[in-house]
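A.B. asks: What follows is the file final-v5.cif, containing mmCIF, C-alpha atoms and all ligand atoms:
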data_upload
#
loop_
_atom_site.label_atom_id
_atom_site.label_comp_id
_atom_site.auth_asym_id
_atom_site.auth_seq_id
_atom_site.Cartn_x
_atom_site.Cartn_y
_atom_site.Cartn_z
CA MET A 40 -15.61 -20.50 6.11
CA GLU A 41 -15.89 -17.81 3.54
CA LEU A 42 -15.35 -14.27 4.79
CA LYS A 43 -18.83 -13.08 3.88
CA GLU A 44 -20.54 -16.02 5.49
CA LYS A 45 -18.52 -15.63 8.67
CA ILE A 46 -19.41 -11.94 8.90
CA SER A 47 -23.03 -12.56 8.11
CA ARG A 48 -23.40 -15.18 10.86
CA THR A 49 -21.67 -13.01 13.39
CA PHE A 50 -23.79 -9.99 12.51
CA GLU A 51 -26.95 -12.04 12.89
CA GLU A 52 -25.82 -13.35 16.30
CA ARG A 53 -24.71 -9.95 17.64
CA PHE A 54 -27.24 -7.57 16.18
CA GLY A 55 -29.92 -9.71 14.55
CA GLY A 56 -31.05 -9.41 10.95
CA GLU A 57 -28.75 -8.14 8.30
CA GLY A 58 -26.98 -5.08 6.97
CA THR A 59 -25.27 -4.06 3.76
CA PHE A 60 -21.91 -5.52 2.76
CA TYR A 61 -18.93 -3.43 1.72
CA ALA A 62 -15.31 -4.26 1.03
CA SER A 63 -12.06 -2.59 0.26
CA ALA A 64 -8.61 -3.88 -0.52
CA GLY A 65 -4.98 -3.81 0.44
CA ARG A 66 -2.51 -2.70 -2.19
CA ILE A 67 0.83 -3.32 -3.83
CA ASN A 68 3.06 -0.78 -5.54
CA LEU A 69 4.61 -2.23 -8.67
CA ILE A 70 7.25 0.46 -9.09
CA GLY A 71 7.92 4.07 -8.05
CA GLU A 72 9.57 4.01 -4.65
CA HIS A 73 10.70 7.08 -2.66
CA THR A 74 9.23 9.14 -5.48
CA ASP A 75 6.23 10.64 -3.67
CA TYR A 76 8.17 13.28 -1.75
CA ASN A 77 10.14 14.09 -4.90
CA GLY A 78 7.02 15.01 -6.87
CA GLY A 79 7.26 11.86 -8.97
CA PHE A 80 5.01 8.91 -9.76
CA VAL A 81 3.86 5.86 -7.88
CA PHE A 82 2.19 2.90 -9.54
CA PRO A 83 -0.05 0.97 -7.16
CA GLY A 84 -2.98 -1.38 -7.54
CA ALA A 85 -5.55 -2.92 -5.20
CA ILE A 86 -5.23 -6.63 -4.46
CA ASP A 87 -7.50 -9.58 -3.81
CA LYS A 88 -6.96 -9.30 -0.05
CA VAL A 89 -9.76 -7.34 1.56
CA ILE A 90 -11.42 -5.94 4.60
CA MET A 91 -15.13 -6.70 4.48
CA ALA A 92 -17.84 -5.20 6.68
CA GLU A 93 -21.55 -5.65 7.18
CA ILE A 94 -23.10 -2.40 8.34
CA ARG A 95 -26.58 -1.18 9.29
CA PRO A 96 -27.68 2.19 10.64
CA ASN A 97 -29.09 1.70 14.17
CA GLY A 98 -31.05 4.92 14.59
CA SER A 99 -28.96 6.05 17.56
CA ASP A 100 -25.93 8.29 17.91
CA LYS A 101 -23.68 5.34 18.81
CA VAL A 102 -21.43 3.16 16.75
CA ARG A 103 -21.33 -0.49 17.80
CA VAL A 104 -18.70 -2.51 16.03
CA TYR A 105 -17.21 -5.95 16.38
CA SER A 106 -13.87 -7.02 14.92
CA ILE A 107 -13.94 -10.76 14.19
CA ASP A 108 -10.20 -11.06 13.63
CA ILE A 109 -9.22 -9.35 16.85
CA ASP A 110 -12.29 -10.68 18.67
CA GLU A 111 -13.08 -7.37 20.31
CA TYR A 112 -16.12 -5.16 20.51
CA ALA A 113 -16.14 -1.38 20.69
CA GLU A 114 -18.88 1.15 21.23
CA PHE A 115 -18.41 4.86 20.80
CA GLY A 116 -20.18 8.12 20.12
CA LEU A 117 -19.50 10.39 17.20
CA ARG A 118 -18.21 13.52 18.91
CA GLU A 119 -14.51 14.34 19.06
CA GLU A 120 -14.37 13.53 22.77
CA ASP A 121 -15.82 10.05 22.18
CA ALA A 122 -12.61 8.62 20.69
CA PRO A 123 -12.28 4.92 21.55
CA SER A 124 -9.07 3.61 23.06
CA LYS A 125 -8.72 0.39 21.04
CA SER A 126 -6.44 1.12 18.15
CA TRP A 127 -8.44 -0.79 15.52
CA ALA A 128 -11.58 1.15 16.51
CA ARG A 129 -9.78 4.47 16.12
CA TYR A 130 -9.51 3.85 12.38
CA ILE A 131 -13.29 3.65 12.16
CA PHE A 132 -13.91 6.52 14.56
CA GLY A 133 -11.39 8.62 12.61
CA VAL A 134 -13.21 7.98 9.36
CA CYS A 135 -16.51 9.07 10.96
CA ARG A 136 -14.93 12.25 12.31
CA GLU A 137 -13.16 13.12 9.07
CA ILE A 138 -16.41 12.72 7.13
CA GLU A 139 -18.19 15.05 9.56
CA LYS A 140 -15.34 17.58 9.46
CA ARG A 141 -15.92 17.79 5.71
CA GLY A 142 -19.60 18.52 6.19
CA GLY A 143 -20.71 14.95 5.57
CA LYS A 144 -23.20 13.09 7.74
CA VAL A 145 -22.63 10.07 9.95
CA GLU A 146 -25.20 8.56 12.30
CA GLY A 147 -25.01 5.58 14.60
CA PHE A 148 -24.54 2.16 13.04
CA ASP A 149 -23.86 -1.46 13.88
CA ALA A 150 -21.03 -3.23 12.09
CA VAL A 151 -19.13 -6.49 11.99
CA PHE A 152 -15.93 -6.73 9.97
CA ALA A 153 -13.10 -9.10 9.15
CA GLY A 154 -10.37 -9.35 6.58
CA ASN A 155 -7.51 -11.21 5.02
CA VAL A 156 -5.04 -8.40 4.36
CA PRO A 157 -2.01 -9.38 6.43
CA LEU A 158 -1.46 -6.78 9.15
CA GLY A 159 1.73 -4.76 9.09
CA ALA A 160 3.18 -6.67 6.12
CA GLY A 161 3.37 -3.66 3.83
CA LEU A 162 0.05 -4.33 2.10
CA SER A 163 -1.73 -1.53 3.92
CA SER A 164 -4.43 -3.27 5.87
CA SER A 165 -5.11 0.05 7.61
CA ALA A 166 -5.94 1.78 4.33
CA ALA A 167 -8.23 -1.12 3.44
CA LEU A 168 -10.05 -0.70 6.74
CA GLU A 169 -10.38 3.08 6.37
CA SER A 170 -11.54 3.00 2.79
CA CYS A 171 -14.04 0.21 3.45
CA PHE A 172 -15.76 2.31 6.12
CA ALA A 173 -15.33 5.61 4.26
CA PHE A 174 -16.97 4.11 1.19
CA ALA A 175 -19.75 2.52 3.24
CA LEU A 176 -20.61 5.60 5.29
CA ASN A 177 -20.61 7.70 2.14
CA ASP A 178 -23.12 5.28 0.62
CA LEU A 179 -25.28 4.85 3.72
CA PHE A 180 -25.49 8.42 4.99
CA ASN A 181 -24.38 10.73 2.18
CA ALA A 182 -25.95 9.35 -0.99
CA SER A 183 -22.34 8.89 -2.21
CA ALA A 184 -21.94 12.67 -2.50
CA ILE A 185 -18.34 12.61 -1.31
CA ASP A 186 -16.06 12.06 -4.28
CA LYS A 187 -13.55 9.25 -4.38
CA PHE A 188 -10.49 11.41 -3.96
CA GLU A 189 -11.99 12.88 -0.82
CA LEU A 190 -12.66 9.36 0.47
CA ALA A 191 -8.96 8.63 0.08
CA ARG A 192 -8.12 11.87 1.90
CA ILE A 193 -10.51 10.92 4.70
CA GLY A 194 -8.47 7.73 5.18
CA GLN A 195 -5.19 9.60 5.06
CA SER A 196 -6.39 12.22 7.56
CA THR A 197 -7.59 9.42 9.82
CA GLU A 198 -4.04 8.07 9.94
CA HIS A 199 -2.65 11.56 10.61
CA ASN A 200 -5.16 12.72 13.19
CA TYR A 201 -6.29 9.56 14.98
CA CYS A 202 -3.59 6.93 14.49
CA GLY A 203 -0.35 8.91 14.64
CA VAL A 204 0.87 7.82 11.21
CA ASN A 205 2.09 10.59 8.96
CA CYS A 206 1.47 8.80 5.65
CA GLY A 207 1.14 9.99 2.07
CA ILE A 208 -1.94 9.46 -0.07
CA MET A 209 -0.87 6.42 -2.09
CA ASP A 210 -2.25 3.61 0.08
CA GLN A 211 -5.73 5.07 0.51
CA PHE A 212 -5.76 6.22 -3.10
CA ALA A 213 -5.01 2.69 -4.35
CA SER A 214 -7.50 1.16 -1.97
CA VAL A 215 -10.32 3.48 -3.08
CA PHE A 216 -9.53 3.68 -6.81
CA GLY A 217 -8.29 0.13 -7.36
CA ARG A 218 -9.72 -1.64 -10.39
CA LYS A 219 -9.44 -5.30 -11.38
CA ASP A 220 -6.64 -5.98 -13.89
CA HIS A 221 -5.39 -2.39 -13.72
CA LEU A 222 -2.61 -0.52 -12.00
CA ILE A 223 -2.87 3.20 -11.49
CA ARG A 224 -0.10 5.64 -12.17
CA LEU A 225 -0.51 8.47 -9.71
CA ASP A 226 1.35 11.69 -10.25
CA CYS A 227 2.23 12.75 -6.72
CA ARG A 228 2.67 16.37 -7.77
CA SER A 229 -0.54 17.04 -9.69
CA LEU A 230 -2.52 14.09 -8.27
CA GLU A 231 -3.55 13.22 -11.81
CA TYR A 232 -3.91 9.52 -12.35
CA GLU A 233 -4.22 7.08 -15.17
CA TYR A 234 -5.18 3.41 -15.31
CA TYR A 235 -2.92 0.93 -17.11
CA PRO A 236 -3.84 -2.66 -17.95
CA PHE A 237 -2.12 -5.19 -15.76
CA LYS A 238 -3.11 -8.69 -16.74
CA PRO A 239 0.04 -10.74 -16.70
CA GLU A 240 -1.18 -13.96 -18.24
CA GLY A 241 1.37 -16.68 -17.58
CA TYR A 242 2.82 -14.80 -14.62
CA LYS A 243 2.04 -14.51 -10.94
CA LEU A 244 2.71 -11.70 -8.50
CA VAL A 245 4.09 -12.99 -5.25
CA LEU A 246 5.35 -11.16 -2.20
CA LEU A 247 8.01 -12.57 0.05
CA ASP A 248 7.85 -10.98 3.46
CA SER A 249 11.22 -11.12 5.21
CA VAL A 250 9.43 -10.40 8.51
CA VAL A 251 12.36 -8.23 9.53
CA LYS A 252 12.28 -4.53 10.26
CA HIS A 253 15.59 -2.87 10.95
CA GLU A 254 15.10 0.16 13.16
CA LEU A 255 18.00 2.46 12.53
CA ALA A 256 19.26 4.92 15.08
CA ASP A 257 19.45 8.00 12.88
CA SER A 258 16.50 8.81 10.71
CA PRO A 259 17.42 7.45 7.29
CA TYR A 260 14.24 8.73 5.67
CA ASN A 261 14.85 12.29 6.70
CA LYS A 262 18.43 12.06 5.53
CA ARG A 263 17.30 10.79 2.13
CA ARG A 264 14.81 13.61 1.84
CA GLU A 265 17.42 16.17 2.77
CA SER A 266 19.77 14.83 0.11
CA CYS A 267 17.02 15.11 -2.49
CA GLU A 268 16.17 18.65 -1.42
CA ARG A 269 19.82 19.71 -1.50
CA VAL A 270 20.30 18.39 -5.01
CA ALA A 271 17.05 19.94 -6.24
CA ALA A 272 18.14 23.31 -4.84
CA ARG A 273 21.54 22.99 -6.47
CA LEU A 274 19.93 22.17 -9.82
CA GLY A 275 17.49 25.06 -9.46
CA VAL A 276 14.32 22.93 -9.56
CA ASP A 277 11.44 22.61 -7.08
CA THR A 278 11.77 18.85 -6.79
CA LEU A 279 13.80 16.15 -8.51
CA ARG A 280 10.74 15.52 -10.67
CA ASP A 281 12.00 18.37 -12.83
CA ALA A 282 15.60 17.21 -12.97
CA THR A 283 17.21 15.11 -15.70
CA MET A 284 20.22 12.81 -15.59
CA GLU A 285 22.07 15.33 -17.80
CA MET A 286 21.45 18.13 -15.32
CA LEU A 287 22.62 15.90 -12.50
CA ASP A 288 25.79 14.87 -14.29
CA ALA A 289 26.59 18.45 -15.18
CA ALA A 290 26.45 19.36 -11.48
CA LYS A 291 28.27 16.28 -10.25
CA ALA A 292 31.43 18.13 -9.22
CA ASP A 293 29.41 20.34 -6.82
CA LEU A 294 27.61 17.48 -5.09
CA SER A 295 28.74 15.05 -2.45
CA GLY A 296 29.09 11.50 -3.71
CA GLU A 297 26.22 10.49 -1.47
CA ASP A 298 23.83 13.19 -2.64
CA TYR A 299 24.69 12.38 -6.25
CA LYS A 300 23.81 8.71 -5.78
CA ARG A 301 20.54 9.50 -4.00
CA ALA A 302 19.44 11.81 -6.80
CA ARG A 303 20.56 9.34 -9.45
CA PHE A 304 18.16 6.80 -8.01
CA VAL A 305 15.21 9.21 -7.83
CA ILE A 306 15.67 10.53 -11.36
CA GLY A 307 16.13 7.01 -12.69
CA GLU A 308 13.05 5.80 -10.84
CA LYS A 309 10.88 8.49 -12.40
CA GLN A 310 11.92 7.28 -15.85
CA ARG A 311 11.44 3.63 -14.90
CA VAL A 312 7.80 4.22 -13.98
CA LEU A 313 7.23 5.77 -17.39
CA ASP A 314 9.05 2.88 -19.06
CA VAL A 315 6.85 0.39 -17.19
CA CYS A 316 3.75 2.23 -18.40
CA ASP A 317 4.90 1.86 -22.00
CA ALA A 318 5.77 -1.78 -21.43
CA LEU A 319 2.36 -2.53 -19.92
CA THR A 320 0.60 -0.81 -22.78
CA ALA A 321 2.51 -3.16 -25.08
CA GLY A 322 1.88 -6.18 -22.81
CA ASP A 323 5.65 -6.57 -22.41
CA TYR A 324 6.09 -8.07 -18.95
CA GLU A 325 9.74 -8.97 -19.50
CA THR A 326 10.59 -5.26 -19.66
CA VAL A 327 8.44 -4.63 -16.59
CA GLY A 328 10.49 -7.25 -14.76
CA LYS A 329 13.78 -5.75 -15.92
CA CYS A 330 12.74 -2.36 -14.56
CA MET A 331 11.84 -3.96 -11.22
CA TYR A 332 15.36 -5.39 -10.92
CA GLU A 333 16.82 -1.99 -11.79
CA THR A 334 14.74 -0.39 -9.08
CA HIS A 335 16.01 -2.91 -6.57
CA GLU A 336 19.58 -2.27 -7.64
CA GLY A 337 19.06 1.48 -7.26
CA LEU A 338 17.36 1.17 -3.87
CA SER A 339 20.16 -1.07 -2.67
CA LYS A 340 23.28 0.58 -4.09
CA ASP A 341 22.37 4.22 -4.70
CA TYR A 342 19.58 4.97 -2.24
CA GLU A 343 20.94 2.48 0.31
CA VAL A 344 17.64 1.55 1.90
CA SER A 345 17.89 -2.20 1.42
CA CYS A 346 19.19 -4.71 3.94
CA GLU A 347 20.90 -8.08 3.82
CA GLU A 348 17.69 -10.10 3.94
CA LEU A 349 16.04 -8.22 1.07
CA ASP A 350 19.15 -8.33 -1.08
CA PHE A 351 19.28 -12.05 -0.40
CA LEU A 352 15.68 -12.52 -1.56
CA ASN A 353 16.31 -10.39 -4.62
CA ASP A 354 19.43 -12.33 -5.52
CA LEU A 355 17.59 -15.59 -5.03
CA ALA A 356 14.89 -14.40 -7.44
CA ARG A 357 17.57 -13.68 -10.02
CA ARG A 358 19.14 -17.10 -9.54
CA CYS A 359 15.74 -18.76 -10.01
CA GLY A 360 15.10 -16.91 -13.27
CA VAL A 361 12.25 -14.83 -11.82
CA THR A 362 11.15 -12.13 -14.30
CA GLY A 363 11.19 -9.18 -11.89
CA SER A 364 11.92 -8.61 -8.22
CA ARG A 365 12.44 -5.66 -5.93
CA ILE A 366 11.98 -4.29 -2.46
CA MET A 367 8.46 -2.97 -2.00
CA GLY A 368 8.01 -0.08 0.41
CA GLY A 369 10.40 2.22 2.17
CA GLY A 370 13.10 -0.38 2.79
CA PHE A 371 15.18 -1.67 5.72
CA GLY A 372 12.92 -4.73 5.88
CA GLY A 373 9.48 -5.83 4.75
CA CYS A 374 8.73 -7.52 1.45
CA THR A 375 10.06 -8.12 -2.01
CA ILE A 376 7.51 -8.08 -4.80
CA ASN A 377 8.16 -10.63 -7.52
CA LEU A 378 6.79 -11.13 -11.00
CA VAL A 379 7.20 -14.84 -11.64
CA LYS A 380 6.37 -17.12 -14.57
CA ASP A 381 3.65 -19.59 -13.57
CA GLU A 382 5.89 -22.63 -13.89
CA LEU A 383 8.64 -21.07 -11.78
CA LEU A 384 6.43 -20.06 -8.88
CA GLU A 385 6.55 -23.28 -6.92
CA PRO A 386 10.28 -23.98 -7.21
CA PHE A 387 11.05 -20.31 -6.46
CA VAL A 388 8.89 -20.16 -3.36
CA GLU A 389 10.20 -23.49 -2.13
CA LYS A 390 13.81 -22.44 -2.60
CA ALA A 391 13.14 -19.09 -0.93
CA ARG A 392 11.59 -20.76 2.10
CA LYS A 393 14.43 -23.21 2.45
CA GLU A 394 17.43 -21.00 1.78
CA PHE A 395 16.08 -18.02 3.72
CA ALA A 396 15.31 -20.19 6.73
CA GLU A 397 18.75 -21.79 6.64
CA ARG A 398 20.36 -18.40 6.70
CA TYR A 399 18.07 -16.29 8.87
CA GLY A 400 16.36 -18.83 11.09
CA HIS A 401 12.81 -18.29 9.86
CA GLU A 402 10.91 -18.65 6.62
CA PRO A 403 9.66 -15.64 4.72
CA LYS A 404 5.90 -15.27 4.59
CA VAL A 405 4.49 -15.78 1.13
CA TYR A 406 1.54 -13.84 -0.30
CA GLU A 407 0.30 -14.42 -3.80
CA VAL A 408 -1.73 -11.45 -4.99
CA VAL A 409 -4.00 -10.68 -7.93
CA ILE A 410 -4.82 -7.11 -8.95
CA SER A 411 -8.46 -6.57 -8.07
CA ASP A 412 -11.13 -4.00 -7.28
CA GLY A 413 -10.81 -1.49 -4.46
CA ALA A 414 -13.62 -0.04 -2.32
CA ARG A 415 -17.07 -1.26 -3.28
CA LYS A 416 -20.53 -2.27 -2.21
CA LEU A 417 -21.03 -6.02 -2.50
P1 LIG A 501 -0.45 -2.04 7.52
O1 LIG A 501 0.90 -1.88 6.90
O2 LIG A 501 -0.99 -3.41 7.29
O3 LIG A 501 -1.39 -0.96 7.13
P2 LIG A 501 -0.71 -0.76 10.05
O4 LIG A 501 0.03 -0.91 11.31
O5 LIG A 501 -0.72 0.56 9.38
O6 LIG A 501 -0.21 -1.92 9.08
O7 LIG A 501 -2.24 -1.12 10.29
C1 LIG A 501 -2.59 -2.28 10.97
C2 LIG A 501 -3.70 -1.96 11.96
O8 LIG A 501 -4.94 -1.81 11.23
C3 LIG A 501 -3.95 -3.08 12.94
O9 LIG A 501 -3.11 -2.96 14.05
C4 LIG A 501 -5.41 -2.87 13.28
O10 LIG A 501 -5.58 -1.84 14.22
C5 LIG A 501 -6.00 -2.41 11.96
N1 LIG A 501 -6.47 -3.57 11.18
C6 LIG A 501 -6.02 -3.99 9.99
N2 LIG A 501 -6.65 -5.11 9.58
C7 LIG A 501 -7.53 -5.41 10.55
C8 LIG A 501 -8.49 -6.46 10.74
N3 LIG A 501 -8.64 -7.44 9.84
N4 LIG A 501 -9.23 -6.44 11.88
C9 LIG A 501 -9.07 -5.46 12.78
N5 LIG A 501 -8.19 -4.47 12.67
C10 LIG A 501 -7.42 -4.43 11.57
MG MG A 502 -0.97 1.09 7.47
#
Kindly present the structure from the file in structure tokens form.
C.D. replies:
Amino acid sequence: MELKEKISRTFEERFGGEGTFYASAGRINLIGEHTDYNGGFVFPGAIDKVIMAEIRPNGSDKVRVYSIDIDEYAEFGLREEDAPSKSWARYIFGVCREIEKRGGKVEGFDAVFAGNVPLGAGLSSSAALESCFAFALNDLFNASAIDKFELARIGQSTEHNYCGVNCGIMDQFASVFGRKDHLIRLDCRSLEYEYYPFKPEGYKLVLLDSVVKHELADSPYNKRRESCERVAARLGVDTLRDATMEMLDAAKADLSGEDYKRARFVIGEKQRVLDVCDALTAGDYETVGKCMYETHEGLSKDYEVSCEELDFLNDLARRCGVTGSRIMGGGFGGCTINLVKDELLEPFVEKARKEFAERYGHEPKVYEVVISDGARKL
């Protein structure tokens, strides 16, 4: 059954009548990895996998909400001490609280929601959930007076303050600002953003989820950040955003081999995002793909955040003649994102399933995605 129909029936059964439909989307990041904390660029877009909700004010001070996918119901008030215990409900409660903290209004409502963003696969189902409700409550109770950037911040603060996830702004930003056939280059330093056309006719975007997550004993993320900060300090810049490869090479003798490699990746990645922007403007998807492979190479060899399974999937993409492939996300597991010619998609996916399963005992999960709109009223 279609998502909307399923929600509509359930709403009718639970609450009677009907409400207003809203949706928001998960996201991919085409390129620009480990750049956010270095003041660089990320380059995400919303996808055709959504969270959809039907919502209706109920005239009380209570929220009553049913999650179809988890098959659970939650009811909570809107004061700080009313926080629900179910983790999925905390995303919605958090959004309500963060709107009120910013002087916005939220009253009681009834809602039913469901989605098809895979959970915990690196496509940010949580941001889709937050931005769906943030957008909806802004429309229903605030005459859309809260601007879109603030809606993204409301989602981010929800993660920080109610879900224990200390995330950046990219996921919520992409989910709120996403636009069909466009990716968005976000400058993580100034928060300026620009849309670029992404309409790869003759190509598909497909994610291969390794379904592995290597938990490492020491904190590799903190160590990477420290390396970046050390090099920036040595080069006399605030962040590596302001460093060039020439500056780095000139200081090479004063840096540890490890720090040098880490910075080489970050500085290279900043340039690659800009190169991808130029390539997209020219409709040159072969260059986009080449940059994706370079990013993977850098993440694997210089930044050292890959793992055997992801290198295997990347190598397999190369062997199959896939246009572009790289790790998406922080690393040590999760997905590769692949830009694949239409005619190669089937043989590539088939080979990936087979060879990956032979080697690692399970198939990767496969998600085909199309760049689509973010938060919206339906
Ligand atoms: P992701 O990388 O997909 O964002 P998270 O762990 O951050 O993974 O968020 C997943 C959580 O978001 C789920 O555990 C659940 O609480 C909530 N969530 C996401 N999608 C749904 C859904 N369709 N129905 C109910 N809750 C959802
Ligand atoms: Mg999340």
A.B. asks: Have a look at atom CA of Ser364 of chain A and atom CA of Met331 of chain A and let me know their distance in Å, one decimal.
C.D. replies: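 Interatomic distance, atom CA of Ser364 of chain A to atom CA of Met331 of chain A: 5.5 Å.
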A.B. asks: Measuring between all atoms listed in the file, which one of A:Asp87, A:Glu308, A:Glu169, A:Glu139 shows the shortest distance to ligand MG 502 (chain A)?
C.D. replies: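 Of all the options, A:Glu169 lies closest to ligand MG 502 (chain A).
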A.B. asks: Which residues, written as a PyMOL selection string, have at least one atom at most 10 Å from Ser170 of chain A, with all atoms listed in the file counted and residues fewer than 5 positions away on the same chain left out?
C.D. replies: chain A and resi 61-65+90+130-131+134+164-165+175-176+187+190-195+210-216+413-415
A.B. asks: Taking all atoms listed in the file into account, list the residues no farther than 9 Å from ligand MG 502 (chain A), as a PDB file with C-alpha atoms, keeping the file's coordinate frame.
C.D. replies:
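This went into out.pdb:
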ATOM      1  CA  LEU A 158      -1.460  -6.780   9.150  1.00  0.00           C
ATOM      2  CA  GLY A 159       1.730  -4.760   9.090  1.00  0.00           C
ATOM      3  CA  ALA A 160       3.180  -6.670   6.120  1.00  0.00           C
ATOM      4  CA  GLY A 161       3.370  -3.660   3.830  1.00  0.00           C
ATOM      5  CA  LEU A 162       0.050  -4.330   2.100  1.00  0.00           C
ATOM      6  CA  SER A 163      -1.730  -1.530   3.920  1.00  0.00           C
ATOM      7  CA  SER A 164      -4.430  -3.270   5.870  1.00  0.00           C
ATOM      8  CA  SER A 165      -5.110   0.050   7.610  1.00  0.00           C
ATOM      9  CA  ALA A 166      -5.940   1.780   4.330  1.00  0.00           C
ATOM     10  CA  ALA A 167      -8.230  -1.120   3.440  1.00  0.00           C
ATOM     11  CA  GLU A 198      -4.040   8.070   9.940  1.00  0.00           C
ATOM     12  CA  VAL A 204       0.870   7.820  11.210  1.00  0.00           C
ATOM     13  CA  CYS A 206       1.470   8.800   5.650  1.00  0.00           C
ATOM     14  CA  ASP A 210      -2.250   3.610   0.080  1.00  0.00           C
TER      15      ASP A 210
END
A.B. asks: Quick check, in Å to one decimal: how far apart do atom CA of Leu313 of chain A and atom CA of Leu69 of chain A lie?
C.D. replies: 12.1 Å
A.B. asks: Would you mind listing what lies within 8 Å of Val405 of chain A as a list in words, with only C-alpha atoms counted and same-chain residues fewer than 3 positions away left out?
C.D. replies: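 So the residues in contact are Val245, Leu246, Leu247, Asp248 and Val388 of chain A.
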